[in-house]
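Asks: Here it is, the structure in full.
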Amino acid sequence: MRFNDLTAHELRGLLLRRETSAVEICRSVFDLLAAVEGEIQAYITLDRAGALAKAETVDRDLRDGRELPPLAGIPFAIKDNMCTKGVLTTCGSRILRNFVPPYNATVVERLNAQRVVMIGKTNLDEFAMGSSTEHSSFFTTRNPWDTARVPGGSSGGSAAAVAAGSAVCALGSDTGGSIRQPAALCGVVGMKPTYGLVSRYGLVAFASSLDQIGPFTRDFTDCALVLNAICGHDERDSTSAPGELGDFTDFLVDDVRGMRIGMPQEYLSGGLDEGVRRIVLEAASVFEQRGAYVEETSLPHTDYALPTYYLIAPAEASSNLARYDGVRYGCRLENSTDVIDMFRLSRSRGFGAEVKRRIMLGTYALSAGYYDAYYLKALKVRTLIRRDFEEAFEKFDLLLAPTTPEPAFPIGDKTEDPIKMYLSDIYTLAVNLAGLPGVSLPGGFLNRLPIGIQLIGKPFGEGALLRAGYTFQQSTGHHLKRPRIRGEA
Amino acid sequence: MRAYESVIGLEVHVELKTNSKIFCHSSTAFGGKQNTHVCPVCLGLPGSLPVLNRQVVEYGIRVALALNCSVARFCKFDRKHYFYPDLPKNYQISQYDLPLSYDGYLDFETDDGCTHQCGIVRVHMEEDAGKLIHREEVGESPAYALVDYNRTGVPLLEIVSEPDIRSAEEARAYLTELKTVVQYTGVSDCKMEEGSLRCDANVSVRPRGSKELGVKTEIKNLNSFRAVHRALDYEIERQIALCKEGRRIVQETRSWDEAKGVTAPMRGKEEAHDYRYFPDPDLVPLVISPSWIESVRRDLPEPPDARRRRYQEQYGLSVYNARVLTGSRETAEYFEECVRLYSRPKTVANWVMGDLTRLLNAEQVEIQDCRVRPAQLAALMRLIDDGTISGKIAKVILEEMFASGKDPETVIREKDLVQITDAGAISGLIEEVLAGHPGPVADYRQGKGKALGFLVGQVMKATKGKANPAMVNDLLKQKLDEGK
């Protein structure tokens with residue numbers, strides 16, 4: 001039986017009707033991996049034995065007639081910057097190439113409670129800094145739709161795994177677009193929830209005030225199911241939002257009548273590819289046809305989002321990455337003359353060029369005499385950007401925008417020019433600065449490459465995103481298309 | 001009057017005795033096996049996050065109020081960056097521009113009886129670092145260092161004084177009073193030898209009368225009150241000597257060398273860290289409600305200076321006695337409990353400061369662990385008053401009580417120490433002694449008063465000290481005078 005195009009909720013039906021088993025699903029994923037992983041390289045670590053053992057316990061409970069959580073037996077991939085107890089967690093970095101965490105991230109514990117089957121840990125740009133996985137210390141993941149192209153990043157491995165079928169659902173993290181941009185480039189649904197909705201405990205920090213974990217799925221029903229599993233207050237994360245949450249599947253309604261959707265004009269001009277622009281406008285007319293009001297709006301400080309982001313994120317990163325010094329874990333360079341030399345050598349050899357670039361940017365921005373001019377000013381502009389959104393949300397329930405300025409780009413196209421690479425996230429950064437939820441969903445195709453459209457919601461407005469996204473997918477069916485990968489049966 | 005005066009400010013770190021660390025659940029217990037009181041959070045493992053221990057805030061507010069500080073309604077935590085192997089994240093979570101509290105003061109007294117006031121700039125919360133253990137080079141194997149992270153994340157309060165201190169002696173007196181005040185709040189042991197109280201000193205000199213501050217140096221590695229005093233004396237003289245020679249004082253951090261009795265440079269201004277403070281994005285700002293502050297204020301114990309005044313006014317104690325008895329909260333509480341049960345404060349003061357303190361010191365026991373409880377000491381004093389025992393025997397009984405924890409009545413019964421007050425019995429003994437010592441008797445009758453003491457001693461010896469000494473004295477005199 002071919003499971004690789006199915007969603008979690010479809011597989012759940014098969015499991016409950018005993019038409020397949022968790023072990024069979026798991027084996028089929030590893031069979032597919034054997035065929036395509038050489039081409040795609042989505043995973044840094046695969047855990048076949050662990051996955052099969054998990055699947056067997058799920059089958060045993062199924063046989064015993066026990067009730068199982070909604071995601072039981074579903075093959076999951078986890079980005080390799082979330083701590084998994086006893087399983088290598090590298091962050092795509094040489095400096096952590098041997099790091100095996102002694103504890104689980106909160107999201108991993110919550111997925112374990114769901115009895116998901118973890119297939120492995122996926123590739124990423126080193127410490128989640130990048131937009132293509134080309135900054136991974138180990139290898140570049142390839143886009144399942146065209147293996148000469150990047151899958152996007154930094155959660156490129158997770159996006160590629162879900163697109164290729166080597167995982168049904170995956171977790172990524174999004175600091176400036178690292179879920180939404182690869183979801184767009186790989187043709188899957190990728191959501192960055194509101195800051196604080198998902199615990200960051202156990203997510204290796206890049207920029208603490210921006211990082212947020214979220215799901216990659218093949219449709220919105222799965223997206224809601226994964227949100228149900230991972231969201232909610234965690235006392236181990238001080239920035240975790242308090243309060244009880246409802247059932248996100250309640251928002252899976254095929255109806256957007258009366259919804260007010262704004263289209264920020266700043267997101268539809270400048271370096272936007274004409275084909276992508278057309279797809280966003282087509283999406284707008286789909287929503288209109290289904291009864292939503294769509295209107296142009298403005299986010300006047302949009303141009304400042306990129307420079308603001310590239311002060312705040314590196315500043316926090318320079319601090320968060322200070323702990324990688326070779327003393328307690330990770331790689332230590334021997335033959336140093338003294339302890340400071342050991343730090344210097346371990347960090348010089350352990351970090352890649354992009355990470356070093358950002359550590360230097362951030363160190364500079366926080367230095368005595370520059371703090372006010374750079375970091376403090378960036379915080380003030382961040383407030384202005386947040387206010388832009390607040391004002392827009394006085395009139396609109398959500399905003400519609402492109403996720404990326406262009407389709408997946410060829411491998412090697414932007415690695416020589418950091419600014420060109422940074423511009424890949426031009427439409428996603430501001431959402432992190434404002435702490436808002438955003439989702440990228442398959443909006444159509446250009447030259448057989450998937451194009452993502454982005455929906456942006458109010459704080460804790462994931463429900464509106466699910467409803468609009470669900471309605472869109474029911475109206476278009478773009479999410480049903482699957483890539484054909486060389487080597488696949 | 002000297003031509004130069006010194007200007008001193010102290011930065012004191014106090015370790016708080018909460019059960020768990022400031023940002024995680026690991027134990028703060030002192031002296032555990034290396035690297036056993038640790039968890040992903042205090043080890044700074046990738047992905048771990050800090051969560052503030054509210055008890056630390058409560059303790060911080062206690063100290064802030066005891067030091068007459070304003071407590072901030074809104075404060076935050078910042079990261080202070082520097083690379084060092086005992087600092088797992090290579091930044092310390094501290095408080096920078098919005099500390100827990102600010103603008104306080106501390107009154108203290110120097111040994112000459114002068115009172116002083118020193119301003120408190122701020123009291124803020126931060127986490128402690130680990131400890132490096134250095135191993136020397138042995139034969140072929142080179143020197144290396146190990147790190148113990150048990151102390152990492154233990155809560156600290158940093159108490160920064162204004163530069164209001166003018167001499168090494170004042171610095172010592174300030175520190176002594178600060179220690180007492182903090183100990184009273186019950187949040188720290190304040191043991192310099194265990195590192196639960198640490199002190200760095202900033203010092204500069206200037207021509208007397210000048211309003212400008214001179215170039216300062218910071219002195220570290222001050223591990224005792226004596227070290228603070230000696231190091232400051234040394235540094236002040238060093239700086240004055242430089243000034244007199246017309247040489248420049250360099251702004252730098254210096255380390256006190258206890259063995260050599262000198263300060264030596266550690267690092268200069270050029271090498272000073274740029275700590276790159278910025279608000280810790282993993283922690284949310286801390287809002288402290290006025291009702292919280294008030295409830296902490298209500299629960300604060302009476303501070304030592306108020307207690308000292310009360311002991312003088314209410315109990316009529318001397319300045320010295322009041323100071324000694326309020327030296328620690330435990331001593332003061334012991335004393336007051338005794339006074340509650342036995343209403344002659346001066347007598348209590350004599351016993352507590354005299355024999356009891358001697359026993360405590362000899363056995364290195366803290367007063368709160370003393371086996372003689374206040375009720376038992378009060379009972380002992382009453383037994384003297386009602387004539388059951390003499391004051392001298394009471395000292396013997398106290399030693400036994402101290403060793404065994406028994407009640408005084410039990411000790412008296414077991415050792416048969418009831419005072420002999422039967423005049424007949426005493427007279428009989430006196431007859432025997434007089435008969436046995438004709439020489440001293442003759443001496444006395446020839447006017448050598450000293451002989452009386454010897455004869456009293458002999459009677460007491462015969463009763464193993466149990467005879468009422470006053471009665472012995474009177475009866476003996478009577479007998480001797482009769483025979484004149």
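Naming scheme: A, B, ... for chains in displayed order of the structure tokens; residues 1 onward per chain; ligands 1 onward as shown.
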Kindly assemble as CSV a list of the range 81-145 of chain A residues that lie within 12 Å of range 224-238 of chain A, each paired with its nearest atom pair and their distance in Å to one decimal, using only C-alpha atoms, sorted first by chain and then by ascending residue number.

Replies:
```
residue,atom,partner,partner_atom,distance
A:Ala105,CA,A:Arg236,CA,10.1
A:Thr106,CA,A:Asp234,CA,7.7
A:Val107,CA,A:Ile230,CA,5.5
A:Val108,CA,A:Ile230,CA,8.5
A:Glu109,CA,A:Ile230,CA,9.0
A:Arg110,CA,A:Ile230,CA,5.9
A:Leu111,CA,A:Ala229,CA,6.6
A:Asn112,CA,A:Ala229,CA,9.8
A:Ala113,CA,A:Ala229,CA,8.6
A:Gln114,CA,A:Ala229,CA,7.1
A:Arg115,CA,A:Ala229,CA,10.6
A:Val116,CA,A:Ala229,CA,10.4
```

Asks: If you keep N, CA and C atoms, can you produce a file of those selected residues as a short mmCIF file (atom, residue, chain, number, x, y, z; two decimals), in the first residue's frame?

Replies:
```cif
data_model
loop_
_atom_site.label_atom_id
_atom_site.label_comp_id
_atom_site.auth_asym_id
_atom_site.auth_seq_id
_atom_site.Cartn_x
_atom_site.Cartn_y
_atom_site.Cartn_z
N ALA A 105 13.07 18.29 24.47
CA ALA A 105 12.35 19.55 24.34
C ALA A 105 10.89 19.31 24.72
N THR A 106 10.22 20.36 25.20
CA THR A 106 8.81 20.23 25.56
C THR A 106 7.98 19.71 24.38
N VAL A 107 8.25 20.24 23.17
CA VAL A 107 7.47 19.77 22.02
C VAL A 107 7.69 18.28 21.76
N VAL A 108 8.90 17.82 22.00
CA VAL A 108 9.20 16.41 21.78
C VAL A 108 8.45 15.57 22.81
N GLU A 109 8.43 16.04 24.06
CA GLU A 109 7.64 15.33 25.08
C GLU A 109 6.16 15.28 24.69
N ARG A 110 5.67 16.40 24.16
CA ARG A 110 4.24 16.44 23.80
C ARG A 110 3.94 15.53 22.61
N LEU A 111 4.88 15.45 21.67
CA LEU A 111 4.68 14.52 20.56
C LEU A 111 4.79 13.08 21.04
N ASN A 112 5.70 12.83 22.00
CA ASN A 112 5.79 11.49 22.58
C ASN A 112 4.48 11.10 23.25
N ALA A 113 3.89 12.09 23.93
CA ALA A 113 2.60 11.81 24.59
C ALA A 113 1.54 11.46 23.55
N GLN A 114 1.70 11.98 22.33
CA GLN A 114 0.78 11.66 21.23
C GLN A 114 1.09 10.30 20.61
N ARG A 115 2.22 9.72 21.00
CA ARG A 115 2.67 8.42 20.46
C ARG A 115 3.01 8.51 18.98
N VAL A 116 3.56 9.66 18.56
CA VAL A 116 3.98 9.74 17.16
C VAL A 116 5.22 8.87 16.96
#
```

Asks: With only C-alpha atoms counted and 9 Å as the cut-off, give the residues of chain A in contact with chain B, each with its shortest interatomic distance in Å and the pair that gives it, as JSON lines.

Replies:
```
{"residue": "A:Asn81", "atom": "CA", "partner": "B:Gly47", "partner_atom": "CA", "distance": 8.3}
{"residue": "A:Met82", "atom": "CA", "partner": "B:Gly47", "partner_atom": "CA", "distance": 7.3}
{"residue": "A:Cys83", "atom": "CA", "partner": "B:Gly47", "partner_atom": "CA", "distance": 6.9}
{"residue": "A:Pro101", "atom": "CA", "partner": "B:Leu45", "partner_atom": "CA", "distance": 8.1}
{"residue": "A:Pro102", "atom": "CA", "partner": "B:Pro40", "partner_atom": "CA", "distance": 7.9}
{"residue": "A:Tyr103", "atom": "CA", "partner": "B:Pro40", "partner_atom": "CA", "distance": 7.6}
{"residue": "A:Ala105", "atom": "CA", "partner": "B:Gly47", "partner_atom": "CA", "distance": 7.5}
{"residue": "A:Arg200", "atom": "CA", "partner": "B:Gly47", "partner_atom": "CA", "distance": 7.6}
{"residue": "A:Tyr201", "atom": "CA", "partner": "B:Ser48", "partner_atom": "CA", "distance": 5.7}
{"residue": "A:Gly202", "atom": "CA", "partner": "B:Gly47", "partner_atom": "CA", "distance": 3.9}
{"residue": "A:Leu203", "atom": "CA", "partner": "B:Gly47", "partner_atom": "CA", "distance": 4.6}
{"residue": "A:Val204", "atom": "CA", "partner": "B:Gly47", "partner_atom": "CA", "distance": 3.8}
{"residue": "A:Ala205", "atom": "CA", "partner": "B:Gly47", "partner_atom": "CA", "distance": 5.8}
{"residue": "A:Ala207", "atom": "CA", "partner": "B:Pro281", "partner_atom": "CA", "distance": 8.5}
{"residue": "A:Ser208", "atom": "CA", "partner": "B:Pro281", "partner_atom": "CA", "distance": 5.8}
{"residue": "A:Ser209", "atom": "CA", "partner": "B:Pro281", "partner_atom": "CA", "distance": 5.5}
{"residue": "A:Glu235", "atom": "CA", "partner": "B:Val51", "partner_atom": "CA", "distance": 7.8}
{"residue": "A:Arg236", "atom": "CA", "partner": "B:Val51", "partner_atom": "CA", "distance": 6.3}
{"residue": "A:Asp237", "atom": "CA", "partner": "B:Leu49", "partner_atom": "CA", "distance": 6.2}
{"residue": "A:Ser238", "atom": "CA", "partner": "B:Leu283", "partner_atom": "CA", "distance": 5.7}
{"residue": "A:Thr239", "atom": "CA", "partner": "B:Val284", "partner_atom": "CA", "distance": 6.5}
{"residue": "A:Ala315", "atom": "CA", "partner": "B:Phe278", "partner_atom": "CA", "distance": 9.0}
{"residue": "A:Glu316", "atom": "CA", "partner": "B:Pro281", "partner_atom": "CA", "distance": 8.0}
{"residue": "A:Ser319", "atom": "CA", "partner": "B:His81", "partner_atom": "CA", "distance": 7.5}
{"residue": "A:Asn320", "atom": "CA", "partner": "B:Lys89", "partner_atom": "CA", "distance": 7.7}
{"residue": "A:Leu321", "atom": "CA", "partner": "B:Lys89", "partner_atom": "CA", "distance": 8.3}
{"residue": "A:Ala322", "atom": "CA", "partner": "B:Asn90", "partner_atom": "CA", "distance": 5.6}
{"residue": "A:Arg323", "atom": "CA", "partner": "B:Lys89", "partner_atom": "CA", "distance": 4.3}
{"residue": "A:Tyr324", "atom": "CA", "partner": "B:Lys89", "partner_atom": "CA", "distance": 8.0}
{"residue": "A:Asp325", "atom": "CA", "partner": "B:Pro85", "partner_atom": "CA", "distance": 8.5}
{"residue": "A:Val327", "atom": "CA", "partner": "B:Pro85", "partner_atom": "CA", "distance": 6.6}
{"residue": "A:Arg328", "atom": "CA", "partner": "B:Pro88", "partner_atom": "CA", "distance": 7.8}
{"residue": "A:Tyr329", "atom": "CA", "partner": "B:Leu45", "partner_atom": "CA", "distance": 8.3}
{"residue": "A:Val339", "atom": "CA", "partner": "B:Pro85", "partner_atom": "CA", "distance": 7.8}
{"residue": "A:Ile340", "atom": "CA", "partner": "B:Phe83", "partner_atom": "CA", "distance": 7.9}
{"residue": "A:Phe343", "atom": "CA", "partner": "B:Phe83", "partner_atom": "CA", "distance": 8.3}
{"residue": "A:Thr363", "atom": "CA", "partner": "B:Arg276", "partner_atom": "CA", "distance": 7.7}
{"residue": "A:Leu366", "atom": "CA", "partner": "B:Arg276", "partner_atom": "CA", "distance": 5.3}
{"residue": "A:Ser367", "atom": "CA", "partner": "B:Arg276", "partner_atom": "CA", "distance": 5.4}
{"residue": "A:Ala368", "atom": "CA", "partner": "B:Asp274", "partner_atom": "CA", "distance": 6.5}
{"residue": "A:Tyr371", "atom": "CA", "partner": "B:Arg276", "partner_atom": "CA", "distance": 8.2}
{"residue": "A:Tyr375", "atom": "CA", "partner": "B:Phe278", "partner_atom": "CA", "distance": 9.0}
```

Asks: Could you write out the selected residues, including C-alpha atoms, as a PDB file, in the first residue's frame?

Replies:
```pdb
ATOM      1  CA  ASN A  81      17.641  22.056  16.590  1.00  0.00           C
ATOM      2  CA  MET A  82      15.138  20.543  19.032  1.00  0.00           C
ATOM      3  CA  CYS A  83      16.558  18.447  21.841  1.00  0.00           C
ATOM      4  CA  PRO A 101      21.011  15.871  24.768  1.00  0.00           C
ATOM      5  CA  PRO A 102      20.151  14.363  28.165  1.00  0.00           C
ATOM      6  CA  TYR A 103      16.639  15.798  27.952  1.00  0.00           C
ATOM      7  CA  ALA A 105      12.351  19.553  24.344  1.00  0.00           C
ATOM      8  CA  ARG A 200      10.636  27.021  23.288  1.00  0.00           C
ATOM      9  CA  TYR A 201      12.065  24.813  26.051  1.00  0.00           C
ATOM     10  CA  GLY A 202      14.542  22.510  24.334  1.00  0.00           C
ATOM     11  CA  LEU A 203      14.632  24.469  21.081  1.00  0.00           C
ATOM     12  CA  VAL A 204      18.243  25.486  20.645  1.00  0.00           C
ATOM     13  CA  ALA A 205      17.993  29.258  20.668  1.00  0.00           C
ATOM     14  CA  ALA A 207      17.083  34.640  18.538  1.00  0.00           C
ATOM     15  CA  SER A 208      14.998  34.097  21.647  1.00  0.00           C
ATOM     16  CA  SER A 209      12.502  36.925  21.127  1.00  0.00           C
ATOM     17  CA  GLU A 235       6.125  26.497  33.055  1.00  0.00           C
ATOM     18  CA  ARG A 236       9.672  25.819  31.856  1.00  0.00           C
ATOM     19  CA  ASP A 237       9.436  28.685  29.352  1.00  0.00           C
ATOM     20  CA  SER A 238       8.884  32.120  30.947  1.00  0.00           C
ATOM     21  CA  THR A 239       7.734  33.525  27.600  1.00  0.00           C
ATOM     22  CA  ALA A 315      22.402  40.566  18.683  1.00  0.00           C
ATOM     23  CA  GLU A 316      20.459  37.835  20.457  1.00  0.00           C
ATOM     24  CA  SER A 319      24.646  36.075  23.113  1.00  0.00           C
ATOM     25  CA  ASN A 320      22.856  32.734  22.710  1.00  0.00           C
ATOM     26  CA  LEU A 321      25.785  31.180  20.858  1.00  0.00           C
ATOM     27  CA  ALA A 322      28.374  32.296  23.416  1.00  0.00           C
ATOM     28  CA  ARG A 323      27.911  29.011  25.284  1.00  0.00           C
ATOM     29  CA  TYR A 324      29.485  26.941  22.495  1.00  0.00           C
ATOM     30  CA  ASP A 325      33.036  27.016  23.738  1.00  0.00           C
ATOM     31  CA  VAL A 327      34.164  23.254  27.683  1.00  0.00           C
ATOM     32  CA  ARG A 328      31.090  21.191  28.559  1.00  0.00           C
ATOM     33  CA  TYR A 329      29.789  19.578  25.356  1.00  0.00           C
ATOM     34  CA  VAL A 339      41.654  28.333  27.988  1.00  0.00           C
ATOM     35  CA  ILE A 340      40.942  31.472  25.976  1.00  0.00           C
ATOM     36  CA  PHE A 343      37.581  28.921  23.178  1.00  0.00           C
ATOM     37  CA  THR A 363      28.471  41.614  18.955  1.00  0.00           C
ATOM     38  CA  LEU A 366      25.588  45.375  21.420  1.00  0.00           C
ATOM     39  CA  SER A 367      29.018  46.917  21.975  1.00  0.00           C
ATOM     40  CA  ALA A 368      29.591  49.891  24.224  1.00  0.00           C
ATOM     41  CA  TYR A 371      24.154  49.880  21.553  1.00  0.00           C
ATOM     42  CA  TYR A 375      20.238  47.655  19.067  1.00  0.00           C
TER      43      TYR A 375
END
```

Asks: Residues at most 9 Å from range 466-475 of chain A, counting only C-alpha atoms, excluding those fewer than 2 positions away in the same chain, as an mmCIF file with N, CA and C atoms, in the first residue's frame?

Replies:
```
data_model
loop_
_atom_site.group_PDB
_atom_site.id
_atom_site.type_symbol
_atom_site.label_atom_id
_atom_site.label_comp_id
_atom_site.auth_asym_id
_atom_site.auth_seq_id
_atom_site.Cartn_x
_atom_site.Cartn_y
_atom_site.Cartn_z
ATOM 1 N N ASP A 219 -1.812 19.320 4.836
ATOM 2 C CA ASP A 219 -3.052 20.097 4.740
ATOM 3 C C ASP A 219 -3.367 20.749 6.081
ATOM 4 N N PHE A 220 -4.483 21.478 6.110
ATOM 5 C CA PHE A 220 -4.804 22.250 7.307
ATOM 6 C C PHE A 220 -5.385 21.404 8.429
ATOM 7 N N THR A 221 -5.991 20.280 8.081
ATOM 8 C CA THR A 221 -6.496 19.419 9.147
ATOM 9 C C THR A 221 -5.323 18.911 9.985
ATOM 10 N N CYS A 223 -2.464 20.332 10.190
ATOM 11 C CA CYS A 223 -1.882 21.502 10.854
ATOM 12 C C CYS A 223 -2.590 21.728 12.193
ATOM 13 N N ALA A 224 -3.930 21.667 12.175
ATOM 14 C CA ALA A 224 -4.708 21.869 13.408
ATOM 15 C C ALA A 224 -4.409 20.765 14.422
ATOM 16 N N PHE A 248 -8.153 23.278 18.021
ATOM 17 C CA PHE A 248 -7.918 23.995 16.768
ATOM 18 C C PHE A 248 -8.704 23.408 15.603
ATOM 19 N N THR A 249 -9.121 22.144 15.708
ATOM 20 C CA THR A 249 -9.865 21.580 14.576
ATOM 21 C C THR A 249 -11.266 22.209 14.464
ATOM 22 N N ASP A 250 -11.709 22.890 15.526
ATOM 23 C CA ASP A 250 -12.994 23.604 15.449
ATOM 24 C C ASP A 250 -12.987 24.673 14.363
ATOM 25 N N PHE A 251 -11.776 25.116 14.000
ATOM 26 C CA PHE A 251 -11.686 26.198 13.004
ATOM 27 C C PHE A 251 -11.639 25.680 11.572
ATOM 28 N N LEU A 252 -11.676 24.369 11.407
ATOM 29 C CA LEU A 252 -11.600 23.805 10.052
ATOM 30 C C LEU A 252 -12.980 23.886 9.412
ATOM 31 N N VAL A 253 -13.318 25.126 9.004
ATOM 32 C CA VAL A 253 -14.642 25.403 8.454
ATOM 33 C C VAL A 253 -14.446 25.872 7.011
ATOM 34 N N ASP A 254 -15.199 25.271 6.090
ATOM 35 C CA ASP A 254 -15.052 25.612 4.671
ATOM 36 C C ASP A 254 -15.938 26.804 4.348
ATOM 37 N N ASP A 255 -15.568 27.960 4.906
ATOM 38 C CA ASP A 255 -16.418 29.142 4.768
ATOM 39 C C ASP A 255 -15.651 30.380 5.225
ATOM 40 N N VAL A 256 -15.508 31.358 4.319
ATOM 41 C CA VAL A 256 -14.856 32.603 4.733
ATOM 42 C C VAL A 256 -15.790 33.801 4.550
ATOM 43 N N MET A 259 -15.351 37.390 6.176
ATOM 44 C CA MET A 259 -13.977 37.641 6.648
ATOM 45 C C MET A 259 -13.403 38.839 5.932
ATOM 46 N N ALA A 283 -5.265 34.143 -5.530
ATOM 47 C CA ALA A 283 -5.730 33.683 -4.222
ATOM 48 C C ALA A 283 -6.733 34.679 -3.650
ATOM 49 N N VAL A 286 -9.995 34.074 -5.161
ATOM 50 C CA VAL A 286 -10.626 32.869 -4.596
ATOM 51 C C VAL A 286 -11.360 33.239 -3.305
ATOM 52 N N PHE A 287 -10.658 33.978 -2.441
ATOM 53 C CA PHE A 287 -11.300 34.359 -1.164
ATOM 54 C C PHE A 287 -12.534 35.226 -1.415
ATOM 55 N N ARG A 290 -15.422 33.269 -2.464
ATOM 56 C CA ARG A 290 -16.012 32.509 -1.359
ATOM 57 C C ARG A 290 -16.665 33.424 -0.318
ATOM 58 N N LEU A 398 -7.405 39.168 8.798
ATOM 59 C CA LEU A 398 -6.081 38.642 8.482
ATOM 60 C C LEU A 398 -5.542 39.337 7.250
ATOM 61 N N VAL A 439 1.103 31.751 8.236
ATOM 62 C CA VAL A 439 1.140 30.417 7.648
ATOM 63 C C VAL A 439 1.389 30.553 6.150
ATOM 64 N N SER A 440 2.184 29.644 5.616
ATOM 65 C CA SER A 440 2.341 29.581 4.169
ATOM 66 C C SER A 440 1.611 28.341 3.686
ATOM 67 N N LEU A 441 0.852 28.498 2.585
ATOM 68 C CA LEU A 441 0.124 27.360 2.055
ATOM 69 C C LEU A 441 0.296 27.310 0.540
ATOM 70 N N PRO A 442 0.161 26.129 -0.056
ATOM 71 C CA PRO A 442 0.341 26.022 -1.500
ATOM 72 C C PRO A 442 -0.682 26.882 -2.236
ATOM 73 N N GLY A 443 -0.156 27.847 -3.038
ATOM 74 C CA GLY A 443 -1.056 28.786 -3.709
ATOM 75 C C GLY A 443 -1.137 28.548 -5.197
ATOM 76 N N LEU A 455 -0.661 33.843 4.900
ATOM 77 C CA LEU A 455 -1.727 34.488 5.667
ATOM 78 C C LEU A 455 -1.139 34.893 7.015
ATOM 79 N N GLU A 462 -4.646 32.137 15.310
ATOM 80 C CA GLU A 462 -4.419 30.944 14.496
ATOM 81 C C GLU A 462 -5.724 30.411 13.920
ATOM 82 N N GLY A 463 -6.804 30.575 14.664
ATOM 83 C CA GLY A 463 -8.108 30.070 14.219
ATOM 84 C C GLY A 463 -8.510 30.651 12.868
ATOM 85 N N ALA A 464 -8.320 31.969 12.712
ATOM 86 C CA ALA A 464 -8.685 32.616 11.443
ATOM 87 C C ALA A 464 -7.807 32.088 10.311
ATOM 88 N N GLY A 477 -7.340 22.856 -4.177
ATOM 89 C CA GLY A 477 -6.693 21.550 -4.301
ATOM 90 C C GLY A 477 -5.213 21.593 -4.641
ATOM 91 N N HIS A 478 -4.570 22.787 -4.567
ATOM 92 C CA HIS A 478 -3.123 22.850 -4.855
ATOM 93 C C HIS A 478 -2.322 21.955 -3.916
ATOM 94 N N HIS A 479 -2.848 21.782 -2.708
ATOM 95 C CA HIS A 479 -2.095 21.028 -1.698
ATOM 96 C C HIS A 479 -2.052 19.530 -2.017
ATOM 97 N N LEU A 480 -2.853 19.102 -2.963
ATOM 98 C CA LEU A 480 -2.907 17.664 -3.249
ATOM 99 C C LEU A 480 -1.797 17.218 -4.196
#
```

Asks: Pick the closest to Gly428 in chain B from B:Lys406, B:Lys479, B:Arg54, B:Lys395: which is it, counting only C-alpha atoms?

Replies: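 Selected residue with least distance to Gly428 in chain B: B:Lys479.
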
Asks: So which residues touch range 377-384 of chain B within 12 Å, counting only C-alpha atoms, skipping near sequence neighbours fewer than 5 positions away, as a ChimeraX atom specification?

Replies: /B:334-352,355-356,370-372,389-402,405-412,417-419,468

Asks: Taking only C-alpha atoms into account, which of A:Gly452, A:Pro242, A:Gly487, A:Pro437 comes nearest Ala183 in chain A?

Replies: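 Closest to Ala183 in chain A of all the choices is A:Gly452.
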